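Trainee: Structure file input05.txt (compact mmCIF, C-alpha atoms) is given on the next line.
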```txt
# COMPACT_ATOMS: atom_id res chain seq x y z
CA MET A 245 -18.26 -3.70 34.26
CA LYS A 246 -14.81 -2.38 35.12
CA ILE A 247 -11.55 -3.70 33.69
CA SER A 248 -7.91 -2.69 33.20
CA ILE A 249 -6.11 -3.92 30.10
CA GLU A 250 -2.78 -3.29 28.37
CA ARG A 251 -2.92 -1.13 25.25
CA ALA A 252 -1.24 -3.73 22.98
CA ALA A 253 -3.73 -6.47 23.92
CA LEU A 254 -6.71 -4.12 23.60
CA LEU A 255 -5.53 -2.70 20.26
CA LYS A 256 -5.11 -6.17 18.73
CA ALA A 257 -8.58 -7.23 19.91
CA VAL A 258 -10.47 -4.12 18.76
CA ALA A 259 -8.53 -3.96 15.46
CA GLN A 260 -9.88 -7.40 14.54
CA ALA A 261 -13.39 -6.42 15.69
CA GLN A 262 -13.61 -3.08 13.87
CA SER A 263 -12.48 -4.60 10.56
CA VAL A 264 -15.50 -6.96 10.59
CA VAL A 265 -17.94 -4.12 11.30
CA GLU A 266 -19.55 -2.59 8.21
CA ARG A 267 -18.91 1.16 8.01
CA ARG A 268 -22.36 2.01 6.63
CA ASN A 269 -25.01 0.42 8.79
CA THR A 270 -28.75 0.73 9.01
CA ILE A 271 -28.73 -1.21 12.30
CA PRO A 272 -26.81 0.88 14.90
CA ILE A 273 -25.88 -2.09 17.14
CA LEU A 274 -23.91 -3.67 14.27
CA ALA A 275 -21.44 -0.77 14.44
CA ASN A 276 -20.61 -1.77 18.01
CA VAL A 277 -18.28 -4.26 19.62
CA LEU A 278 -19.65 -6.34 22.50
CA ILE A 279 -17.23 -6.30 25.43
CA GLU A 280 -17.72 -9.07 27.99
CA ALA A 281 -15.55 -9.30 31.12
CA GLU A 282 -15.34 -12.31 33.41
CA GLY A 283 -12.63 -14.03 35.45
CA ALA A 284 -9.31 -12.79 34.08
CA THR A 285 -10.44 -12.37 30.48
CA ALA A 286 -12.18 -9.75 28.39
CA SER A 287 -13.76 -10.85 25.11
CA PHE A 288 -14.52 -8.54 22.19
CA ARG A 289 -17.23 -9.68 19.77
CA ALA A 290 -18.19 -8.05 16.46
CA THR A 291 -20.50 -9.14 13.63
CA ASP A 292 -22.00 -8.02 10.33
CA LEU A 293 -24.58 -10.86 10.56
CA ASP A 294 -22.54 -12.94 8.06
CA ILE A 295 -19.24 -13.03 9.96
CA GLU A 296 -18.67 -13.04 13.69
CA VAL A 297 -15.29 -12.62 15.35
CA VAL A 298 -14.53 -13.08 19.05
CA ASP A 299 -11.12 -12.00 20.34
CA ARG A 300 -10.15 -12.80 23.93
CA ALA A 301 -7.49 -10.86 25.86
CA PRO A 302 -6.13 -11.10 29.41
CA ALA A 303 -7.46 -8.31 31.64
CA MET A 304 -7.73 -7.34 35.28
CA VAL A 305 -11.47 -7.59 35.90
CA GLU A 306 -12.56 -5.53 38.90
CA ARG A 307 -16.25 -5.84 38.10
CA ALA A 308 -17.61 -8.48 35.68
CA GLY A 309 -20.23 -7.38 33.15
CA ALA A 310 -20.85 -6.53 29.50
CA THR A 311 -21.62 -3.57 27.26
CA THR A 312 -21.41 -2.51 23.61
CA VAL A 313 -19.61 0.53 22.20
CA SER A 314 -18.66 1.85 18.74
CA ALA A 315 -15.94 -0.47 17.42
CA VAL A 316 -14.37 2.12 15.11
CA MET A 317 -14.37 4.86 17.78
CA LEU A 318 -12.81 2.59 20.42
CA HIS A 319 -10.18 1.41 17.94
CA GLU A 320 -9.25 4.99 16.99
CA ILE A 321 -8.91 6.01 20.66
CA VAL A 322 -6.76 3.00 21.60
CA ARG A 323 -4.62 3.43 18.47
CA LYS A 324 -3.81 7.03 19.44
CA LEU A 325 -2.94 6.27 23.06
CA PRO A 326 0.78 5.88 23.91
CA ASP A 327 2.54 2.50 23.80
CA GLY A 328 2.58 0.59 27.06
CA ALA A 329 -0.42 2.47 28.49
CA LEU A 330 -2.71 0.68 30.94
CA ILE A 331 -6.28 1.38 29.85
CA SER A 332 -9.23 1.32 32.20
CA LEU A 333 -12.74 0.62 30.80
CA ALA A 334 -15.68 1.25 33.13
CA ASP A 335 -19.33 0.96 32.18
CA ASP A 336 -22.01 3.05 33.89
CA PRO A 337 -25.45 1.60 33.08
CA ALA A 338 -27.22 4.58 34.69
CA THR A 339 -25.78 7.08 32.19
CA GLY A 340 -25.35 4.61 29.30
CA ARG A 341 -21.69 5.60 28.96
CA LEU A 342 -18.37 3.76 28.84
CA SER A 343 -15.46 5.55 30.46
CA VAL A 344 -12.08 4.97 28.77
CA GLN A 345 -9.13 6.18 30.82
CA ALA A 346 -5.36 6.02 30.27
CA GLY A 347 -3.01 8.30 32.18
CA ARG A 348 -4.35 11.82 31.78
CA SER A 349 -6.61 10.95 28.85
CA HIS A 350 -10.27 10.39 29.57
CA PHE A 351 -13.10 9.57 27.13
CA SER A 352 -16.79 8.98 27.71
CA LEU A 353 -18.47 6.94 24.94
CA ALA A 354 -22.12 6.21 24.24
CA THR A 355 -23.15 2.57 24.70
CA LEU A 356 -26.04 0.39 23.58
CA PRO A 357 -27.57 -2.44 25.66
CA ARG A 358 -25.82 -5.80 25.31
CA GLU A 359 -29.25 -7.50 24.99
CA ASP A 360 -29.65 -5.92 21.53
CA PHE A 361 -26.40 -7.42 20.23
CA PRO A 362 -27.02 -10.30 17.77
CA VAL A 363 -25.06 -13.46 18.53
CA MET A 364 -24.60 -15.94 15.71
CA ALA A 365 -26.54 -19.16 16.29
CA ASN A 366 -24.46 -22.22 17.06
CA SER A 367 -24.11 -24.75 14.29
CA GLU A 368 -23.59 -28.50 14.34
CA TYR A 369 -20.27 -28.89 12.55
CA THR A 370 -19.97 -32.07 10.50
CA ALA A 371 -16.17 -31.94 10.27
CA ASN A 372 -13.57 -30.71 12.76
CA PHE A 373 -9.86 -30.74 12.05
CA SER A 374 -6.67 -28.82 12.81
CA ALA A 375 -4.13 -27.46 10.36
CA PRO A 376 -0.89 -25.51 10.79
CA ALA A 377 -1.27 -21.79 10.00
CA PRO A 378 1.32 -21.85 7.14
CA VAL A 379 -0.65 -24.63 5.36
CA LEU A 380 -3.93 -22.68 5.44
CA ARG A 381 -2.09 -19.46 4.58
CA ARG A 382 -0.68 -21.04 1.42
CA LEU A 383 -4.08 -22.49 0.40
CA PHE A 384 -5.88 -19.16 0.66
CA ASP A 385 -3.09 -16.73 -0.27
CA LYS A 386 -2.36 -18.49 -3.54
CA SER A 387 -6.01 -18.80 -4.57
CA LYS A 388 -7.71 -15.59 -3.41
CA PHE A 389 -6.45 -13.39 -6.29
CA ALA A 390 -8.73 -15.32 -8.68
CA ILE A 391 -11.95 -14.69 -6.69
CA SER A 392 -14.59 -13.06 -8.90
CA THR A 393 -15.91 -9.58 -8.05
CA GLU A 394 -19.01 -9.99 -10.23
CA GLU A 395 -22.03 -9.87 -7.94
CA THR A 396 -24.23 -11.65 -10.50
CA ARG A 397 -22.11 -14.80 -10.27
CA TYR A 398 -22.22 -14.75 -6.47
CA TYR A 399 -21.12 -18.42 -6.24
CA LEU A 400 -17.69 -17.34 -7.57
CA ASN A 401 -17.29 -14.60 -4.90
CA GLY A 402 -15.22 -16.84 -2.62
CA VAL A 403 -12.75 -19.71 -2.32
CA TYR A 404 -14.15 -23.24 -2.74
CA MET A 405 -12.62 -25.35 0.06
CA HIS A 406 -13.25 -29.08 -0.31
CA VAL A 407 -11.77 -32.56 -0.18
CA ALA A 408 -10.49 -33.84 -3.53
CA THR A 409 -8.38 -36.65 -4.95
CA SER A 410 -5.06 -35.76 -6.57
CA GLU A 411 -2.36 -37.92 -8.15
CA THR A 412 -0.89 -38.37 -4.66
CA GLY A 413 -4.18 -39.25 -2.91
CA PRO A 414 -6.81 -37.31 -0.97
CA VAL A 415 -6.07 -33.59 -0.42
CA LEU A 416 -7.60 -30.48 1.09
CA ARG A 417 -8.12 -28.23 -1.93
CA CYS A 418 -8.91 -24.55 -2.43
CA VAL A 419 -10.12 -23.30 -5.81
CA ALA A 420 -11.05 -19.82 -7.00
CA THR A 421 -11.96 -18.56 -10.47
CA ASP A 422 -13.54 -15.57 -12.16
CA GLY A 423 -13.92 -17.19 -15.57
CA HIS A 424 -10.71 -15.59 -16.89
CA ARG A 425 -8.21 -17.23 -14.54
CA LEU A 426 -8.31 -20.09 -12.08
CA ALA A 427 -6.18 -21.15 -9.10
CA ARG A 428 -6.21 -24.68 -7.68
CA ILE A 429 -4.09 -25.28 -4.57
CA ASP A 430 -3.69 -28.60 -2.70
CA ALA A 431 -2.43 -29.50 0.78
CA PRO A 432 -2.19 -32.88 2.53
CA LEU A 433 -5.59 -33.82 3.96
CA PRO A 434 -5.65 -33.15 7.73
CA GLU A 435 -6.96 -35.87 10.02
CA GLY A 436 -10.69 -35.41 10.62
CA ALA A 437 -11.36 -33.55 7.37
CA GLU A 438 -12.38 -36.66 5.39
CA GLY A 439 -16.17 -36.13 5.59
CA MET A 440 -16.04 -32.38 5.17
CA PRO A 441 -18.75 -30.84 2.95
CA GLY A 442 -17.37 -28.59 0.20
CA VAL A 443 -17.98 -24.92 1.12
CA ILE A 444 -17.47 -21.57 -0.61
CA VAL A 445 -15.69 -19.27 1.87
CA PRO A 446 -16.68 -15.63 1.09
CA ARG A 447 -14.07 -13.06 0.02
CA LYS A 448 -14.48 -10.95 3.21
CA THR A 449 -14.08 -14.02 5.42
CA VAL A 450 -10.88 -14.98 3.56
CA GLY A 451 -9.50 -11.50 4.30
CA GLU A 452 -10.47 -11.61 7.98
CA MET A 453 -9.30 -15.18 8.49
CA ARG A 454 -5.95 -14.32 6.89
CA LYS A 455 -5.15 -12.22 10.01
CA LEU A 456 -5.21 -15.39 12.13
CA LEU A 457 -2.56 -17.05 9.98
CA ASP A 458 0.52 -14.84 10.43
CA ASP A 459 1.99 -16.86 13.29
CA ASP A 460 3.96 -19.75 11.78
CA GLU A 461 3.77 -21.70 15.03
CA ALA A 462 -0.03 -21.45 15.34
CA THR A 463 -2.39 -24.36 14.78
CA ILE A 464 -5.83 -23.43 13.51
CA ALA A 465 -8.90 -25.44 14.51
CA VAL A 466 -11.25 -25.59 11.53
CA SER A 467 -14.92 -26.61 11.79
CA VAL A 468 -17.17 -26.96 8.75
CA SER A 469 -20.91 -27.49 8.27
CA GLU A 470 -23.14 -27.09 5.19
CA THR A 471 -23.89 -23.47 6.15
CA LYS A 472 -20.98 -22.26 8.28
CA VAL A 473 -17.23 -22.41 8.66
CA ARG A 474 -15.22 -21.60 11.77
CA PHE A 475 -11.49 -20.87 12.18
CA ALA A 476 -10.16 -20.68 15.74
CA THR A 477 -6.89 -20.06 17.59
CA PRO A 478 -6.68 -20.18 21.40
CA THR A 479 -7.57 -16.45 21.53
CA ILE A 480 -9.60 -15.70 18.37
CA THR A 481 -12.67 -17.42 16.93
CA LEU A 482 -13.94 -16.42 13.49
CA THR A 483 -17.30 -17.85 12.42
CA SER A 484 -18.78 -17.19 8.99
CA LYS A 485 -21.73 -18.16 6.88
CA VAL A 486 -20.68 -19.77 3.60
CA ILE A 487 -21.95 -18.79 0.16
CA ASP A 488 -25.18 -20.61 -0.58
CA GLY A 489 -24.55 -21.81 -4.12
CA THR A 490 -22.94 -24.53 -6.20
CA PHE A 491 -19.36 -24.01 -7.32
CA PRO A 492 -19.01 -24.97 -11.02
CA ASP A 493 -17.11 -28.08 -12.12
CA TYR A 494 -13.70 -26.45 -12.39
CA THR A 495 -12.01 -29.68 -13.55
CA ARG A 496 -13.51 -29.17 -17.01
CA VAL A 497 -11.48 -26.00 -17.63
CA ILE A 498 -8.12 -27.32 -16.45
CA PRO A 499 -6.39 -28.42 -19.67
CA ILE A 500 -4.70 -31.81 -19.66
CA GLY A 501 -3.37 -31.99 -23.24
CA ASN A 502 -1.12 -28.91 -23.27
CA THR A 503 2.29 -30.07 -24.52
CA ARG A 504 4.16 -26.90 -25.50
CA ARG A 505 6.37 -26.24 -22.48
CA LEU A 506 7.94 -22.91 -21.59
CA GLU A 507 10.19 -22.59 -18.53
CA VAL A 508 11.10 -19.08 -17.43
CA ASP A 509 12.50 -17.29 -14.37
CA ALA A 510 9.27 -16.15 -12.69
CA ALA A 511 10.57 -12.89 -11.21
CA GLU A 512 12.33 -11.88 -14.45
CA PHE A 513 9.18 -12.71 -16.44
CA ALA A 514 6.96 -10.65 -14.10
CA ARG A 515 9.26 -7.63 -14.31
CA ALA A 516 9.38 -7.83 -18.12
CA VAL A 517 5.57 -8.08 -18.37
CA ASP A 518 5.23 -5.11 -16.02
CA ARG A 519 7.62 -3.01 -18.11
CA VAL A 520 6.05 -3.65 -21.53
CA ALA A 521 2.50 -3.31 -20.11
CA THR A 522 3.29 0.31 -19.23
CA VAL A 523 2.21 1.36 -22.74
CA SER A 524 -0.76 -1.03 -23.04
CA SER A 525 -4.23 0.48 -23.25
CA GLU A 526 -6.03 0.72 -19.91
CA ARG A 527 -9.02 -1.15 -21.28
CA SER A 528 -7.44 -4.28 -22.73
CA ARG A 529 -4.03 -4.47 -20.97
CA ALA A 530 -3.04 -6.92 -23.73
CA VAL A 531 0.49 -8.34 -23.94
CA LYS A 532 1.59 -10.62 -26.79
CA LEU A 533 3.96 -13.53 -26.14
CA SER A 534 5.92 -14.69 -29.21
CA LEU A 535 7.69 -17.98 -28.58
CA ASP A 536 10.51 -19.43 -30.60
CA GLU A 537 13.30 -21.84 -29.72
CA ASP A 538 14.68 -20.75 -26.30
CA ARG A 539 13.42 -17.23 -26.94
CA LEU A 540 10.41 -15.27 -25.71
CA VAL A 541 9.47 -11.83 -27.03
CA LEU A 542 6.94 -9.84 -25.01
CA SER A 543 5.33 -7.04 -26.98
CA VAL A 544 2.60 -4.44 -26.68
CA ASN A 545 1.20 -2.37 -29.50
CA ALA A 546 -1.21 0.35 -28.41
CA PRO A 547 -1.89 2.71 -31.36
CA ASP A 548 -2.80 5.59 -29.03
CA ALA A 549 0.10 5.23 -26.58
CA GLY A 550 2.98 3.55 -28.42
CA ALA A 551 4.70 0.18 -28.55
CA ALA A 552 7.06 -1.85 -26.37
CA GLU A 553 9.09 -5.02 -26.80
CA GLU A 554 11.36 -7.07 -24.56
CA GLU A 555 13.19 -10.33 -25.19
CA LEU A 556 13.90 -13.02 -22.60
CA ALA A 557 16.08 -16.13 -22.76
CA VAL A 558 13.87 -19.09 -21.83
CA ALA A 559 13.68 -22.86 -22.12
CA TYR A 560 11.31 -23.63 -25.03
CA ALA A 561 11.78 -26.35 -27.64
CA ASP A 562 8.42 -26.52 -29.43
CA GLU A 563 7.11 -24.94 -32.63
CA ARG A 564 6.61 -21.19 -32.93
CA LEU A 565 3.62 -19.77 -31.03
CA GLU A 566 2.02 -16.34 -30.65
CA ILE A 567 -0.49 -15.87 -27.85
CA GLY A 568 -1.98 -12.84 -26.05
CA PHE A 569 -2.90 -12.31 -22.40
CA ASN A 570 -4.19 -9.65 -20.06
CA ALA A 571 -1.02 -8.30 -18.42
CA LYS A 572 -2.68 -8.02 -15.00
CA TYR A 573 -3.59 -11.74 -15.04
CA LEU A 574 -0.05 -12.74 -16.04
CA LEU A 575 1.47 -10.61 -13.27
CA GLU A 576 -0.87 -12.00 -10.61
CA ILE A 577 -0.15 -15.59 -11.61
CA ALA A 578 3.63 -15.08 -11.88
CA SER A 579 3.68 -13.47 -8.41
CA GLN A 580 2.32 -16.71 -6.88
CA VAL A 581 5.50 -18.63 -7.76
CA ASP A 582 7.66 -19.32 -4.69
CA ARG A 583 10.40 -21.13 -6.56
CA GLU A 584 12.63 -19.62 -9.20
CA ASN A 585 11.03 -21.02 -12.29
CA ALA A 586 7.51 -20.92 -13.66
CA VAL A 587 6.42 -23.54 -16.18
CA PHE A 588 3.77 -22.57 -18.74
CA LEU A 589 2.04 -25.27 -20.77
CA PHE A 590 0.36 -24.11 -24.00
CA ASN A 591 -1.79 -25.82 -26.59
CA SER A 592 -2.70 -23.15 -29.13
CA SER A 593 -3.26 -19.39 -29.17
CA GLY A 594 -6.98 -19.87 -28.49
CA ASP A 595 -6.82 -22.46 -25.67
CA PRO A 596 -6.42 -22.00 -21.91
CA THR A 597 -2.83 -21.98 -20.66
CA LEU A 598 -1.64 -23.89 -17.61
CA MET A 599 1.01 -22.58 -15.21
CA ARG A 600 2.72 -24.32 -12.31
CA GLU A 601 5.97 -24.18 -10.31
CA GLY A 602 8.44 -26.59 -11.89
CA ASN A 603 7.00 -30.12 -11.67
CA ASP A 604 4.97 -29.32 -8.54
CA THR A 605 1.30 -30.06 -9.27
CA SER A 606 0.02 -29.00 -5.82
CA ALA A 607 -0.44 -25.43 -7.15
CA VAL A 608 -1.91 -25.11 -10.64
CA TYR A 609 -3.11 -21.97 -12.40
CA VAL A 610 -5.11 -21.56 -15.59
CA VAL A 611 -5.35 -18.33 -17.59
CA MET A 612 -7.51 -17.68 -20.66
CA PRO A 613 -5.79 -16.07 -23.64
CA MET A 614 -7.09 -12.97 -25.43
CA ARG A 615 -6.91 -11.79 -29.03
CA VAL A 616 -4.12 -9.31 -29.76
```
Could you render the structure from this file as structure tokens?

Mentor:
Amino acid sequence: MKISIERAALLKAVAQAQSVVERRNTIPILANVLIEAEGATASFRATDLDIEVVDRAPAMVERAGATTVSAVMLHEIVRKLPDGALISLADDPATGRLSVQAGRSHFSLATLPREDFPVMANSEYTANFSAPAPVLRRLFDKSKFAISTEETRYYLNGVYMHVATSETGPVLRCVATDGHRLARIDAPLPEGAEGMPGVIVPRKTVGEMRKLLDDDEATIAVSVSETKVRFATPTITLTSKVIDGTFPDYTRVIPIGNTRRLEVDAAEFARAVDRVATVSSERSRAVKLSLDEDRLVLSVNAPDAGAAEEELAVAYADERLEIGFNAKYLLEIASQVDRENAVFLFNSSGDPTLMREGNDTSAVYVVMPMRV
């Protein structure tokens, strides 16, 4: 194999590949990226056996072929080469080395046979649909903060993507929860997604897939089966196993009878929470909200560190209420608000609280209170 490729195209392709590769590996081939050259294209494939990414880039192919080389090493070399460099990759099967050349720089890297590289088995996808990148970006960006990190509850270690029915009709919905907070985000149901099985997309896949969604003009082809999910652009294909488990019935924890309504400027609220939480104890991070007519007092009382209090002018017309929350959860939820105002709906100091953006019900968040 012998190819010439521009640094920018190569860097983008190997950056995506090396981020999938697990740093600590017992199987040496899994640390490598599979480079395949044919026609006028070079493809770069990496896997950790759960996720597989294939990135295609235009290249001048002098000699078609394939080899595998350390993904992290190749990425580091390309990253350190000057902008605009033309990089030549040439594989010598006799020595088992890949020559990397750009200008006066020359590297010789160890390779492993392409035959040893595991390729993810093809799956029969039961649903295939397309969605604009900004739509998928919103679904996953607004829900991923609530993914659980508890390994014991592995079925919560991802975003549950499924078809649901909202007040406006059928929607594509993403839900994540860790038992303390929950995010439920809806988007109009794309054509072809109707029979889609509900799948739990793992945390790592959400992070990798997010890199495909930065281009506002891009359309992402999504394919879903009971065991796999695939996101593809014209140049990148990301295939992932889904979490084998049953996502709990999240509808039971979304309160419907919360009538005490607080409307507050989301950015102002987040800054105030951040300020008073400075003195909260590391362990509990508890912030108390005291609500009175058109007035909210945020306070923290940490006997070891001190106390803090801040008052905000808000829209609130119900009876007096005192309720405590973990400051980190409040900040994460408030930072999801794209509009100016956040609306909190309370029931009592011991019940889950609902948050949304104005009257928009396509993004709903639930946070559990704590004793303060």

Trainee: Extract, using only C-alpha atoms, all DNA, RNA and protein residues at most 6 Å from Ala607 of chain A, discarding same-chain residues fewer than 2 positions from it, and format them as a ChimeraX atom specification.

Mentor: /A:428-429,605

Trainee: Report the closest atom pair, with its distance in Å rounded to one decimal, for each residue of segment 373-487 of chain A that has an atom no farther than 8 Å from segment 491-503 of chain A; count all atoms listed in the file, sort by chain and then rising residue number, and write it as a Markdown table.

Mentor:
```
| residue | atom | partner | partner_atom | distance |
| --- | --- | --- | --- | --- |
| A:Tyr399 | CA | A:Phe491 | CA | 6.0 |
| A:Leu400 | CA | A:Phe491 | CA | 6.9 |
| A:Tyr404 | CA | A:Phe491 | CA | 7.0 |
| A:Ile444 | CA | A:Phe491 | CA | 7.4 |
```

Trainee: Which residue gives the smallest distance to Val468 of chain A among A:Asp548, A:Glu368, A:Asp294, A:Glu395, with all atoms listed in the file counted?

Mentor: A:Glu368

Trainee: My list of candidates is A:Leu426, A:Leu330, A:Ala514, A:Val544. Which is closest to Ala390 of chain A when distances are computed with only C-alpha atoms?

Mentor: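 Between A:Leu426, A:Leu330, A:Ala514, A:Val544, the residue approaching Ala390 of chain A most closely is A:Leu426.
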
Trainee: Measuring between only C-alpha atoms, which one of A:Glu584, A:Ser352, A:Arg251, A:Pro302 shows the shortest distance to Lys324 of chain A?

Mentor: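 Of all the options, A:Arg251 lies closest to Lys324 of chain A.
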
Trainee: Mind giving me the straight-line distance from atom CA of Pro441 of chain A to atom CA of Phe373 of chain A in Å, one decimal?

Mentor: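 Between these atoms lies a distance of 12.7 Å.
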
Trainee: Hey, what's within 9 Å of segment 470-476 of chain A if we count all atoms listed in the file and toss same-chain stuff fewer than 2 positions away? As a ChimeraX atom specification, please?

Mentor: /A:367,369-370,440-443,445,453,456,463-468,478-488

Trainee: Quote the spacing between atom CA of Glu601 of chain A and atom CA of Pro378 of chain A in Å to one decimal place.

Mentor: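 Value for the atom CA of Glu601 of chain A-atom CA of Pro378 of chain A distance: 18.2 Å.
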
Trainee: Just how far from atom CA of Gly402 of chain A is atom CA of Gly489 of chain A, in Å to one decimal?

Mentor: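 It comes out at 10.7 Å.
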
Trainee: How big is the axis-aligned box, and where does its centre sit, when it encloses all atoms of segment 580-584 of chain A listed in the file and has 6 Å added on every side, reported in Å to one decimal as JSON?

Mentor:
```
{"center_x": 7.5, "center_y": -18.9, "center_z": -6.9, "size_x": 22.3, "size_y": 16.4, "size_z": 16.5}
```

Trainee: At a cut-off of 12 Å from (-15.8, -13.7, 33.3) in the coordinates of the file, what residues are picked up using only C-alpha atoms, written as a list in words?

Mentor: Met245, Lys246, Ile247, Ile279, Glu280, Ala281, Glu282, Gly283, Ala284, Thr285, Ala286, Ser287, Arg300, Ala301, Pro302, Ala303, Met304, Val305, Glu306, Arg307, Ala308, Gly309 and Ala310 of chain A

Trainee: Can you write out the residues you just picked, keeping C-alpha atoms, as a PDB file, in the coordinates of the input?

Mentor:
```
ATOM      1  CA  MET A 245     -18.260  -3.700  34.260  1.00  0.00           C
ATOM      2  CA  LYS A 246     -14.810  -2.380  35.120  1.00  0.00           C
ATOM      3  CA  ILE A 247     -11.550  -3.700  33.690  1.00  0.00           C
ATOM      4  CA  ILE A 279     -17.230  -6.300  25.430  1.00  0.00           C
ATOM      5  CA  GLU A 280     -17.720  -9.070  27.990  1.00  0.00           C
ATOM      6  CA  ALA A 281     -15.550  -9.300  31.120  1.00  0.00           C
ATOM      7  CA  GLU A 282     -15.340 -12.310  33.410  1.00  0.00           C
ATOM      8  CA  GLY A 283     -12.630 -14.030  35.450  1.00  0.00           C
ATOM      9  CA  ALA A 284      -9.310 -12.790  34.080  1.00  0.00           C
ATOM     10  CA  THR A 285     -10.440 -12.370  30.480  1.00  0.00           C
ATOM     11  CA  ALA A 286     -12.180  -9.750  28.390  1.00  0.00           C
ATOM     12  CA  SER A 287     -13.760 -10.850  25.110  1.00  0.00           C
ATOM     13  CA  ARG A 300     -10.150 -12.800  23.930  1.00  0.00           C
ATOM     14  CA  ALA A 301      -7.490 -10.860  25.860  1.00  0.00           C
ATOM     15  CA  PRO A 302      -6.130 -11.100  29.410  1.00  0.00           C
ATOM     16  CA  ALA A 303      -7.460  -8.310  31.640  1.00  0.00           C
ATOM     17  CA  MET A 304      -7.730  -7.340  35.280  1.00  0.00           C
ATOM     18  CA  VAL A 305     -11.470  -7.590  35.900  1.00  0.00           C
ATOM     19  CA  GLU A 306     -12.560  -5.530  38.900  1.00  0.00           C
ATOM     20  CA  ARG A 307     -16.250  -5.840  38.100  1.00  0.00           C
ATOM     21  CA  ALA A 308     -17.610  -8.480  35.680  1.00  0.00           C
ATOM     22  CA  GLY A 309     -20.230  -7.380  33.150  1.00  0.00           C
ATOM     23  CA  ALA A 310     -20.850  -6.530  29.500  1.00  0.00           C
TER      24      ALA A 310
END
```
